[in-house]
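Trainee: Sharing input_4.cif (mmCIF, C-alpha atoms and all ligand atoms; chains and numbers go by the auth columns) below.
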```cif
data_model
#
loop_
_atom_site.group_PDB
_atom_site.id
_atom_site.type_symbol
_atom_site.label_atom_id
_atom_site.label_comp_id
_atom_site.label_asym_id
_atom_site.label_seq_id
_atom_site.Cartn_x
_atom_site.Cartn_y
_atom_site.Cartn_z
_atom_site.B_iso_or_equiv
_atom_site.auth_seq_id
_atom_site.auth_asym_id
ATOM 1 C CA MET A 1 0.000 0.000 0.000 0.00 291 Z
ATOM 2 C CA PHE A 2 2.772 2.405 0.995 0.00 292 Z
ATOM 3 C CA THR A 3 6.404 1.799 0.174 0.00 293 Z
ATOM 4 C CA TYR A 4 7.596 3.785 3.168 0.00 294 Z
ATOM 5 C CA ASN A 5 7.551 2.986 6.891 0.00 295 Z
ATOM 6 C CA ILE A 6 4.951 4.469 9.231 0.00 296 Z
ATOM 7 C CA PHE A 7 6.329 5.666 12.558 0.00 297 Z
ATOM 8 C CA LEU A 8 3.802 6.028 15.369 0.00 298 Z
ATOM 9 C CA ILE A 9 4.949 8.607 17.904 0.00 299 Z
ATOM 10 C CA GLY A 10 3.262 10.140 20.934 0.00 300 Z
ATOM 11 C CA PHE A 11 3.371 10.322 24.680 0.00 301 Z
ATOM 12 C CA MET A 12 3.259 7.140 26.798 0.00 302 Z
ATOM 13 C CA GLY A 13 -0.230 5.680 26.873 0.00 303 Z
ATOM 14 C CA THR A 14 -1.487 7.260 23.647 0.00 304 Z
ATOM 15 C CA GLY A 15 -2.050 3.809 22.143 0.00 305 Z
ATOM 16 C CA LYS A 16 0.903 3.409 19.782 0.00 306 Z
ATOM 17 C CA SER A 17 1.245 -0.364 20.324 0.00 307 Z
ATOM 18 C CA THR A 18 -2.497 -0.983 20.078 0.00 308 Z
ATOM 19 C CA ILE A 19 -2.770 1.025 16.879 0.00 309 Z
ATOM 20 C CA ALA A 20 0.328 -0.637 15.411 0.00 310 Z
ATOM 21 C CA SER A 21 -1.216 -4.097 15.927 0.00 311 Z
ATOM 22 C CA CYS A 22 -4.534 -2.950 14.557 0.00 312 Z
ATOM 23 C CA LEU A 23 -2.929 -1.378 11.435 0.00 313 Z
ATOM 24 C CA ALA A 24 -0.886 -4.526 10.881 0.00 314 Z
ATOM 25 C CA GLU A 25 -4.008 -6.645 11.055 0.00 315 Z
ATOM 26 C CA MET A 26 -6.268 -4.400 8.980 0.00 316 Z
ATOM 27 C CA TYR A 27 -3.759 -3.537 6.262 0.00 317 Z
ATOM 28 C CA ASN A 28 -1.234 -6.357 6.386 0.00 318 Z
ATOM 29 C CA PHE A 29 1.826 -4.436 7.520 0.00 319 Z
ATOM 30 C CA LYS A 30 4.768 -5.842 9.439 0.00 320 Z
ATOM 31 C CA ILE A 31 5.321 -4.413 12.936 0.00 321 Z
ATOM 32 C CA ALA A 32 8.449 -3.213 14.689 0.00 322 Z
ATOM 33 C CA GLU A 33 7.707 -2.643 18.375 0.00 323 Z
ATOM 34 C CA MET A 34 10.722 -0.592 19.492 0.00 324 Z
ATOM 35 C CA ASP A 35 10.534 -1.055 23.281 0.00 325 Z
ATOM 36 C CA GLU A 36 9.735 -4.742 23.035 0.00 326 Z
ATOM 37 C CA ASP A 37 12.524 -5.379 20.509 0.00 327 Z
ATOM 38 C CA ILE A 38 15.046 -3.371 22.551 0.00 328 Z
ATOM 39 C CA ALA A 39 14.117 -5.269 25.729 0.00 329 Z
ATOM 40 C CA ARG A 40 14.493 -8.579 23.879 0.00 330 Z
ATOM 41 C CA LYS A 41 17.875 -7.627 22.376 0.00 331 Z
ATOM 42 C CA GLU A 42 19.199 -6.440 25.746 0.00 332 Z
ATOM 43 C CA GLY A 43 17.661 -9.350 27.661 0.00 333 Z
ATOM 44 C CA LYS A 44 16.200 -6.844 30.157 0.00 334 Z
ATOM 45 C CA SER A 45 13.000 -4.920 30.741 0.00 335 Z
ATOM 46 C CA ILE A 46 12.938 -1.200 29.875 0.00 336 Z
ATOM 47 C CA THR A 47 12.853 -0.439 33.609 0.00 337 Z
ATOM 48 C CA GLY A 48 15.876 -2.712 34.091 0.00 338 Z
ATOM 49 C CA ILE A 49 17.801 -0.967 31.285 0.00 339 Z
ATOM 50 C CA PHE A 50 17.046 2.484 32.791 0.00 340 Z
ATOM 51 C CA SER A 51 17.986 1.467 36.319 0.00 341 Z
ATOM 52 C CA GLU A 52 21.153 -0.446 35.410 0.00 342 Z
ATOM 53 C CA TYR A 53 22.583 1.670 32.601 0.00 343 Z
ATOM 54 C CA GLY A 54 20.639 4.945 32.685 0.00 344 Z
ATOM 55 C CA GLU A 55 18.474 6.834 30.214 0.00 345 Z
ATOM 56 C CA GLU A 56 21.334 7.920 27.922 0.00 346 Z
ATOM 57 C CA TYR A 57 22.230 4.276 27.258 0.00 347 Z
ATOM 58 C CA PHE A 58 18.591 3.499 26.395 0.00 348 Z
ATOM 59 C CA ARG A 59 18.421 6.536 24.076 0.00 349 Z
ATOM 60 C CA ASN A 60 21.558 5.348 22.268 0.00 350 Z
ATOM 61 C CA ILE A 61 19.975 1.944 21.609 0.00 351 Z
ATOM 62 C CA GLU A 62 16.820 3.657 20.337 0.00 352 Z
ATOM 63 C CA THR A 63 18.886 5.606 17.808 0.00 353 Z
ATOM 64 C CA GLU A 64 20.798 2.479 16.731 0.00 354 Z
ATOM 65 C CA TYR A 65 17.510 0.664 16.210 0.00 355 Z
ATOM 66 C CA LEU A 66 16.127 3.504 14.073 0.00 356 Z
ATOM 67 C CA LYS A 67 19.254 3.235 11.920 0.00 357 Z
ATOM 68 C CA GLU A 68 18.574 -0.488 11.397 0.00 358 Z
ATOM 69 C CA LEU A 69 15.010 0.293 10.382 0.00 359 Z
ATOM 70 C CA GLN A 70 16.320 2.467 7.535 0.00 360 Z
ATOM 71 C CA GLU A 71 16.914 -0.717 5.552 0.00 361 Z
ATOM 72 C CA MET A 72 13.271 -1.757 5.790 0.00 362 Z
ATOM 73 C CA THR A 73 10.082 -0.714 4.058 0.00 363 Z
ATOM 74 C CA ASN A 74 6.390 -1.215 4.747 0.00 364 Z
ATOM 75 C CA GLN A 75 6.833 -1.467 8.495 0.00 365 Z
ATOM 76 C CA ILE A 76 4.605 0.010 11.149 0.00 366 Z
ATOM 77 C CA VAL A 77 7.006 1.177 13.814 0.00 367 Z
ATOM 78 C CA SER A 78 5.600 1.665 17.292 0.00 368 Z
ATOM 79 C CA CYS A 79 8.142 4.057 18.821 0.00 369 Z
ATOM 80 C CA GLY A 80 8.960 4.698 22.456 0.00 370 Z
ATOM 81 C CA GLY A 81 7.346 7.930 23.680 0.00 371 Z
ATOM 82 C CA GLY A 82 10.691 9.703 23.995 0.00 372 Z
ATOM 83 C CA VAL A 83 11.963 9.007 20.493 0.00 373 Z
ATOM 84 C CA VAL A 84 11.416 12.647 19.469 0.00 374 Z
ATOM 85 C CA LEU A 85 13.845 13.893 22.127 0.00 375 Z
ATOM 86 C CA ARG A 86 16.753 13.542 19.693 0.00 376 Z
ATOM 87 C CA GLU A 87 16.845 15.526 16.463 0.00 377 Z
ATOM 88 C CA GLU A 88 18.797 12.681 14.884 0.00 378 Z
ATOM 89 C CA ASN A 89 15.928 10.264 15.538 0.00 379 Z
ATOM 90 C CA VAL A 90 13.450 12.602 13.870 0.00 380 Z
ATOM 91 C CA ARG A 91 15.737 12.908 10.846 0.00 381 Z
ATOM 92 C CA LEU A 92 16.052 9.100 10.646 0.00 382 Z
ATOM 93 C CA MET A 93 12.271 8.591 10.829 0.00 383 Z
ATOM 94 C CA LYS A 94 11.624 11.164 8.123 0.00 384 Z
ATOM 95 C CA GLN A 95 14.274 9.617 5.885 0.00 385 Z
ATOM 96 C CA SER A 96 12.496 6.271 5.705 0.00 386 Z
ATOM 97 C CA GLY A 97 8.873 7.046 6.377 0.00 387 Z
ATOM 98 C CA LYS A 98 5.991 9.176 7.527 0.00 388 Z
ATOM 99 C CA VAL A 99 5.477 10.146 11.143 0.00 389 Z
ATOM 100 C CA VAL A 100 2.045 9.838 12.742 0.00 390 Z
ATOM 101 C CA TRP A 101 1.541 11.565 16.105 0.00 391 Z
ATOM 102 C CA LEU A 102 -1.096 10.064 18.399 0.00 392 Z
ATOM 103 C CA THR A 103 -2.410 12.301 21.178 0.00 393 Z
ATOM 104 C CA ALA A 104 -4.699 11.727 24.163 0.00 394 Z
ATOM 105 C CA SER A 105 -5.787 13.864 27.098 0.00 395 Z
ATOM 106 C CA PRO A 106 -3.771 13.546 30.347 0.00 396 Z
ATOM 107 C CA GLU A 107 -6.923 12.117 31.984 0.00 397 Z
ATOM 108 C CA GLU A 108 -7.183 9.358 29.385 0.00 398 Z
ATOM 109 C CA ILE A 109 -3.446 8.663 29.562 0.00 399 Z
ATOM 110 C CA LEU A 110 -3.646 8.324 33.327 0.00 400 Z
ATOM 111 C CA LYS A 111 -6.444 5.760 32.986 0.00 401 Z
ATOM 112 C CA ARG A 112 -4.304 3.734 30.583 0.00 402 Z
ATOM 113 C CA VAL A 113 -1.025 3.813 32.529 0.00 403 Z
ATOM 114 C CA LYS A 114 -2.075 3.831 36.166 0.00 404 Z
ATOM 115 C CA ASP A 115 -1.805 0.087 36.784 0.00 405 Z
ATOM 116 C CA ASP A 116 1.304 -0.440 34.697 0.00 406 Z
ATOM 117 C CA ASP A 117 4.772 -0.131 36.239 0.00 407 Z
ATOM 118 C CA SER A 118 6.783 -0.704 33.082 0.00 408 Z
ATOM 119 C CA ARG A 119 7.503 2.986 32.454 0.00 409 Z
ATOM 120 C CA PRO A 120 10.384 4.341 34.542 0.00 410 Z
ATOM 121 C CA LEU A 121 9.719 7.986 33.641 0.00 411 Z
ATOM 122 C CA LEU A 122 6.185 7.822 35.069 0.00 412 Z
ATOM 123 C CA GLN A 123 7.161 6.445 38.443 0.00 413 Z
ATOM 124 C CA GLY A 124 5.842 8.809 41.114 0.00 414 Z
ATOM 125 C CA LYS A 125 4.162 10.890 38.376 0.00 415 Z
ATOM 126 C CA LYS A 126 0.899 9.087 37.939 0.00 416 Z
ATOM 127 C CA ASN A 127 -1.395 12.061 38.258 0.00 417 Z
ATOM 128 C CA VAL A 128 -3.007 14.370 35.703 0.00 418 Z
ATOM 129 C CA GLU A 129 -0.879 17.441 36.588 0.00 419 Z
ATOM 130 C CA ALA A 130 2.462 15.624 36.264 0.00 420 Z
ATOM 131 C CA ILE A 131 1.433 13.938 33.007 0.00 421 Z
ATOM 132 C CA ALA A 132 0.171 17.239 31.569 0.00 422 Z
ATOM 133 C CA GLY A 133 3.484 18.856 32.567 0.00 423 Z
ATOM 134 C CA LEU A 134 5.547 16.169 30.838 0.00 424 Z
ATOM 135 C CA ILE A 135 3.415 16.402 27.698 0.00 425 Z
ATOM 136 C CA ASN A 136 3.885 20.178 27.619 0.00 426 Z
ATOM 137 C CA GLN A 137 7.647 19.784 27.858 0.00 427 Z
ATOM 138 C CA ARG A 138 7.585 17.567 24.774 0.00 428 Z
ATOM 139 C CA ARG A 139 4.730 19.018 22.735 0.00 429 Z
ATOM 140 C CA ALA A 140 6.891 21.163 20.435 0.00 430 Z
ATOM 141 C CA ARG A 141 9.065 18.160 19.572 0.00 431 Z
ATOM 142 C CA TYR A 142 6.100 15.951 18.706 0.00 432 Z
ATOM 143 C CA GLU A 143 4.615 18.770 16.653 0.00 433 Z
ATOM 144 C CA LYS A 144 7.813 19.335 14.723 0.00 434 Z
ATOM 145 C CA ALA A 145 8.312 15.634 13.996 0.00 435 Z
ATOM 146 C CA ALA A 146 4.746 14.851 12.925 0.00 436 Z
ATOM 147 C CA ASP A 147 3.503 14.590 9.345 0.00 437 Z
ATOM 148 C CA VAL A 148 -0.037 13.957 10.625 0.00 438 Z
ATOM 149 C CA MET A 149 -1.674 14.184 14.052 0.00 439 Z
ATOM 150 C CA ILE A 150 -4.590 12.157 15.393 0.00 440 Z
ATOM 151 C CA HIS A 151 -6.414 12.682 18.655 0.00 441 Z
ATOM 152 C CA THR A 152 -7.457 9.326 20.097 0.00 442 Z
ATOM 153 C CA ASP A 153 -9.859 10.056 22.997 0.00 443 Z
ATOM 154 C CA GLY A 154 -13.290 8.498 22.502 0.00 444 Z
ATOM 155 C CA LYS A 155 -12.354 6.646 19.292 0.00 445 Z
ATOM 156 C CA THR A 156 -12.052 2.916 18.699 0.00 446 Z
ATOM 157 C CA ALA A 157 -8.769 1.448 17.479 0.00 447 Z
ATOM 158 C CA GLU A 158 -10.406 0.667 14.112 0.00 448 Z
ATOM 159 C CA GLU A 159 -11.595 4.280 13.722 0.00 449 Z
ATOM 160 C CA ILE A 160 -8.102 5.543 14.493 0.00 450 Z
ATOM 161 C CA CYS A 161 -6.544 3.152 11.955 0.00 451 Z
ATOM 162 C CA VAL A 162 -8.888 4.299 9.198 0.00 452 Z
ATOM 163 C CA GLU A 163 -8.081 7.918 10.092 0.00 453 Z
ATOM 164 C CA VAL A 164 -4.334 7.205 9.940 0.00 454 Z
ATOM 165 C CA MET A 165 -4.608 5.638 6.497 0.00 455 Z
ATOM 166 C CA ASN A 166 -6.890 8.383 5.126 0.00 456 Z
ATOM 167 C CA LYS A 167 -4.625 11.143 6.352 0.00 457 Z
ATOM 168 C CA LEU A 168 -1.574 9.440 4.872 0.00 458 Z
ATOM 169 C CA LYS A 169 -3.340 8.873 1.545 0.00 459 Z
ATOM 170 C CA ASN A 170 -4.356 12.548 1.429 0.00 460 Z
ATOM 171 C CA MET A 171 -0.762 13.557 2.031 0.00 461 Z
ATOM 172 C CA LYS A 172 0.372 11.325 -0.819 0.00 462 Z
ATOM 173 C CA GLU A 173 -2.167 12.834 -3.197 0.00 463 Z
ATOM 174 C CA ARG A 174 -1.080 16.358 -2.312 0.00 464 Z
ATOM 175 C CA GLU A 175 2.654 15.617 -2.692 0.00 465 Z
HETATM 176 C C1 LIG B . 9.486 6.571 27.239 0.00 501 P
HETATM 177 C C2 LIG B . 8.412 5.859 26.756 0.00 501 P
HETATM 178 C C3 LIG B . 8.334 4.392 26.827 0.00 501 P
HETATM 179 C C4 LIG B . 9.743 3.781 26.850 0.00 501 P
HETATM 180 C C5 LIG B . 10.556 4.406 27.936 0.00 501 P
HETATM 181 C C6 LIG B . 10.695 5.923 27.789 0.00 501 P
HETATM 182 C C7 LIG B . 9.460 8.058 27.154 0.00 501 P
HETATM 183 O O1 LIG B . 7.618 3.896 25.703 0.00 501 P
HETATM 184 O O2 LIG B . 10.375 3.936 25.609 0.00 501 P
HETATM 185 O O3 LIG B . 9.960 4.074 29.153 0.00 501 P
HETATM 186 O O4 LIG B . 10.509 8.703 27.331 0.00 501 P
HETATM 187 O O5 LIG B . 8.361 8.615 26.895 0.00 501 P
HETATM 188 P P1 LIG B . 6.004 3.965 25.548 0.00 501 P
HETATM 189 O O6 LIG B . 5.683 5.322 25.007 0.00 501 P
HETATM 190 O O7 LIG B . 5.715 2.896 24.560 0.00 501 P
HETATM 191 O O8 LIG B . 5.426 3.718 26.875 0.00 501 P
#
```
Take the structure in the file and write it out as structure tokens.
Mentor:
Amino acid sequence: MFTYNIFLIGFMGTGKSTIASCLAEMYNFKIAEMDEDIARKEGKSITGIFSEYGEEYFRNIETEYLKELQEMTNQIVSCGGGVVLREENVRLMKQSGKVVWLTASPEEILKRVKDDDSRPLLQGKKNVEAIAGLINQRRARYEKAADVMIHTDGKTAEEICVEVMNKLKNMKERE
């Protein structure tokens, strides 16, 4: 359908993994799940990588993984929420694909992440104010990286997938 990769970006809990699986199923794409693949390669959970080696180490592996993905096409890539923190990562994503930014309200994000302890950067920050603060710190980076943006509150995964594909098709027609 598309020859390029589709990178799903967005804050933690905006549904990137869910939408990646749904897109793969509906449109027959292959999936690269960055956090899961990194954890498998390192033989450690994301929390374990952060606590043993620190965030910088994790960010370096993220960048290395994005470089590997340059060789591939037709992949849906579910990115870690912090992938936009490095300009180099944004450049790499844009070189091999289109970037889709999923957003959700802090209230909705809190509902989705509150019982999950797999995200080191949310430890001690599971409240609406802290989540809203973190989103605000990153908003400009998401905005700059994104080719299209989709708000996810109140929509089903299928509705979001159709919206992703329509927005990408429209972009293609206008290019
Ligand atoms: C992070 C998001 C996480 C994971 C890591 C750091 C971030 O991914 O990569 O905990 O900086 O926002 P998800 O967005 O898939 O939770």
Trainee: Would you write out, as a short mmCIF file (atom, residue, chain, number, x, y, z; two decimals) with C-alpha atoms, in the frame of the given file, every residue that the PyMOL selection byres (((not hetatm)) within 9 of (chain P and resi 501)) captures in this file?
Mentor:
```cif
data_model
loop_
_atom_site.label_atom_id
_atom_site.label_comp_id
_atom_site.auth_asym_id
_atom_site.auth_seq_id
_atom_site.Cartn_x
_atom_site.Cartn_y
_atom_site.Cartn_z
CA ILE Z 299 4.95 8.61 17.90
CA GLY Z 300 3.26 10.14 20.93
CA PHE Z 301 3.37 10.32 24.68
CA MET Z 302 3.26 7.14 26.80
CA GLY Z 303 -0.23 5.68 26.87
CA THR Z 304 -1.49 7.26 23.65
CA GLY Z 305 -2.05 3.81 22.14
CA LYS Z 306 0.90 3.41 19.78
CA SER Z 307 1.25 -0.36 20.32
CA GLU Z 323 7.71 -2.64 18.38
CA MET Z 324 10.72 -0.59 19.49
CA ASP Z 325 10.53 -1.06 23.28
CA GLU Z 326 9.74 -4.74 23.04
CA ILE Z 336 12.94 -1.20 29.88
CA THR Z 337 12.85 -0.44 33.61
CA PHE Z 340 17.05 2.48 32.79
CA GLU Z 345 18.47 6.83 30.21
CA PHE Z 348 18.59 3.50 26.40
CA ARG Z 349 18.42 6.54 24.08
CA GLU Z 352 16.82 3.66 20.34
CA SER Z 368 5.60 1.66 17.29
CA CYS Z 369 8.14 4.06 18.82
CA GLY Z 370 8.96 4.70 22.46
CA GLY Z 371 7.35 7.93 23.68
CA GLY Z 372 10.69 9.70 24.00
CA VAL Z 373 11.96 9.01 20.49
CA VAL Z 374 11.42 12.65 19.47
CA LEU Z 375 13.84 13.89 22.13
CA VAL Z 403 -1.02 3.81 32.53
CA SER Z 408 6.78 -0.70 33.08
CA ARG Z 409 7.50 2.99 32.45
CA PRO Z 410 10.38 4.34 34.54
CA LEU Z 411 9.72 7.99 33.64
CA LEU Z 412 6.18 7.82 35.07
CA LEU Z 424 5.55 16.17 30.84
#
```
Trainee: In Å, how far is it from CA of Ala430 in chain Z to CA of Thr442 in chain Z?
Mentor: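 Distance between the two atoms: 18.6 Å.
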Trainee: May I have the residues at most 12 Å from (-4.5, 12.4, 29.6) in the file's coordinates, counting all atoms listed in the file, as a PyMOL selection string?
Mentor: chain Z and resi 300-305+392-404+416-426+441-444
Trainee: Give me a file of those residues, with C-alpha atoms, as an mmCIF file, in the frame of the given file.
Mentor:
```
data_model
loop_
_atom_site.group_PDB
_atom_site.id
_atom_site.type_symbol
_atom_site.label_atom_id
_atom_site.label_comp_id
_atom_site.auth_asym_id
_atom_site.auth_seq_id
_atom_site.Cartn_x
_atom_site.Cartn_y
_atom_site.Cartn_z
ATOM 1 C CA GLY Z 300 3.262 10.140 20.934
ATOM 2 C CA PHE Z 301 3.371 10.322 24.680
ATOM 3 C CA MET Z 302 3.259 7.140 26.798
ATOM 4 C CA GLY Z 303 -0.230 5.680 26.873
ATOM 5 C CA THR Z 304 -1.487 7.260 23.647
ATOM 6 C CA GLY Z 305 -2.050 3.809 22.143
ATOM 7 C CA LEU Z 392 -1.096 10.064 18.399
ATOM 8 C CA THR Z 393 -2.410 12.301 21.178
ATOM 9 C CA ALA Z 394 -4.699 11.727 24.163
ATOM 10 C CA SER Z 395 -5.787 13.864 27.098
ATOM 11 C CA PRO Z 396 -3.771 13.546 30.347
ATOM 12 C CA GLU Z 397 -6.923 12.117 31.984
ATOM 13 C CA GLU Z 398 -7.183 9.358 29.385
ATOM 14 C CA ILE Z 399 -3.446 8.663 29.562
ATOM 15 C CA LEU Z 400 -3.646 8.324 33.327
ATOM 16 C CA LYS Z 401 -6.444 5.760 32.986
ATOM 17 C CA ARG Z 402 -4.304 3.734 30.583
ATOM 18 C CA VAL Z 403 -1.025 3.813 32.529
ATOM 19 C CA LYS Z 404 -2.075 3.831 36.166
ATOM 20 C CA LYS Z 416 0.899 9.087 37.939
ATOM 21 C CA ASN Z 417 -1.395 12.061 38.258
ATOM 22 C CA VAL Z 418 -3.007 14.370 35.703
ATOM 23 C CA GLU Z 419 -0.879 17.441 36.588
ATOM 24 C CA ALA Z 420 2.462 15.624 36.264
ATOM 25 C CA ILE Z 421 1.433 13.938 33.007
ATOM 26 C CA ALA Z 422 0.171 17.239 31.569
ATOM 27 C CA GLY Z 423 3.484 18.856 32.567
ATOM 28 C CA LEU Z 424 5.547 16.169 30.838
ATOM 29 C CA ILE Z 425 3.415 16.402 27.698
ATOM 30 C CA ASN Z 426 3.885 20.178 27.619
ATOM 31 C CA HIS Z 441 -6.414 12.682 18.655
ATOM 32 C CA THR Z 442 -7.457 9.326 20.097
ATOM 33 C CA ASP Z 443 -9.859 10.056 22.997
ATOM 34 C CA GLY Z 444 -13.290 8.498 22.502
#
```
Trainee: Kindly indicate which residue among Z:Lys445, Z:Ser386, Z:Asn295, Z:Ala310 lies nearest to Leu458 in chain Z, using all atoms listed in the file for the distances.
Mentor: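 Checking each of Z:Lys445, Z:Ser386, Z:Asn295, Z:Ala310 against Leu458 in chain Z, counting all atoms listed in the file, the winner is Z:Asn295.
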Trainee: Using 8 Å of padding on each side, determine the axis-aligned box around all atoms of range 409-428 of chain Z present in the file and give its centre and edge lengths in Å to one decimal, as JSON.
Mentor:
```
{"center_x": 3.7, "center_y": 11.6, "center_z": 32.9, "size_x": 29.4, "size_y": 33.2, "size_z": 32.3}
```
Trainee: To one decimal place, how far is CA of Lys357 in chain Z from CA of Ala447 in chain Z in Å?
Mentor: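 CA of Ala447 in chain Z lies 28.6 Å from CA of Lys357 in chain Z.
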Trainee: With the file shown as input, list the residues that the PyMOL selection byres (((chain Z and resi 383) around 12) and not hetatm) selects, as a PyMOL selection string.
Mentor: chain Z and resi 294-299+352-353+355-363+365-369+373-374+376-382+384-390+435-437
Trainee: Fewer than 2 positions away in the same chain doesn't count, so skip those; otherwise give me all residues within 10 Å of Asn318 in chain Z, counting all atoms listed in the file, as a PDB file with C-alpha atoms, in the frame of the given file.
Mentor:
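And here is the file that came out, out_26.pdb:
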```pdb
ATOM      1  CA  MET Z 291       0.000   0.000   0.000  1.00  0.00           C
ATOM      2  CA  SER Z 311      -1.216  -4.097  15.927  1.00  0.00           C
ATOM      3  CA  CYS Z 312      -4.534  -2.950  14.557  1.00  0.00           C
ATOM      4  CA  LEU Z 313      -2.929  -1.378  11.435  1.00  0.00           C
ATOM      5  CA  ALA Z 314      -0.886  -4.526  10.881  1.00  0.00           C
ATOM      6  CA  GLU Z 315      -4.008  -6.645  11.055  1.00  0.00           C
ATOM      7  CA  MET Z 316      -6.268  -4.400   8.980  1.00  0.00           C
ATOM      8  CA  LYS Z 320       4.768  -5.842   9.439  1.00  0.00           C
ATOM      9  CA  ILE Z 321       5.321  -4.413  12.936  1.00  0.00           C
ATOM     10  CA  ASN Z 364       6.390  -1.215   4.747  1.00  0.00           C
ATOM     11  CA  GLN Z 365       6.833  -1.467   8.495  1.00  0.00           C
ATOM     12  CA  ILE Z 366       4.605   0.010  11.149  1.00  0.00           C
TER      13      ILE Z 366
END
```
Trainee: Which is closer to Lys457 in chain Z than all the others in Z:Glu433, Z:Tyr347, Z:Trp391, Z:Gln413, using all atoms listed in the file?
Mentor: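 The shortest atom-to-atom distance to Lys457 in chain Z comes from Z:Trp391.
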Trainee: Using all atoms listed in the file, can you tell me which of Z:Asn350, Z:Thr446, Z:Val438, Z:Asp406 comes closest to Asn460 in chain Z?
Mentor: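 Distance minimum relative to Asn460 in chain Z lands on Z:Val438.
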Trainee: How many Å separate CA of Ile351 in chain Z from CA of Ile328 in chain Z?
Mentor: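 CA of Ile328 in chain Z lies at a distance of 7.3 Å from CA of Ile351 in chain Z.
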Trainee: Taking into account all atoms listed in the file, which residue in the set Z:Phe292, Z:Gly414, Z:Arg431, Z:Val454 is nearest to Phe319 in chain Z?
Mentor: Z:Phe292
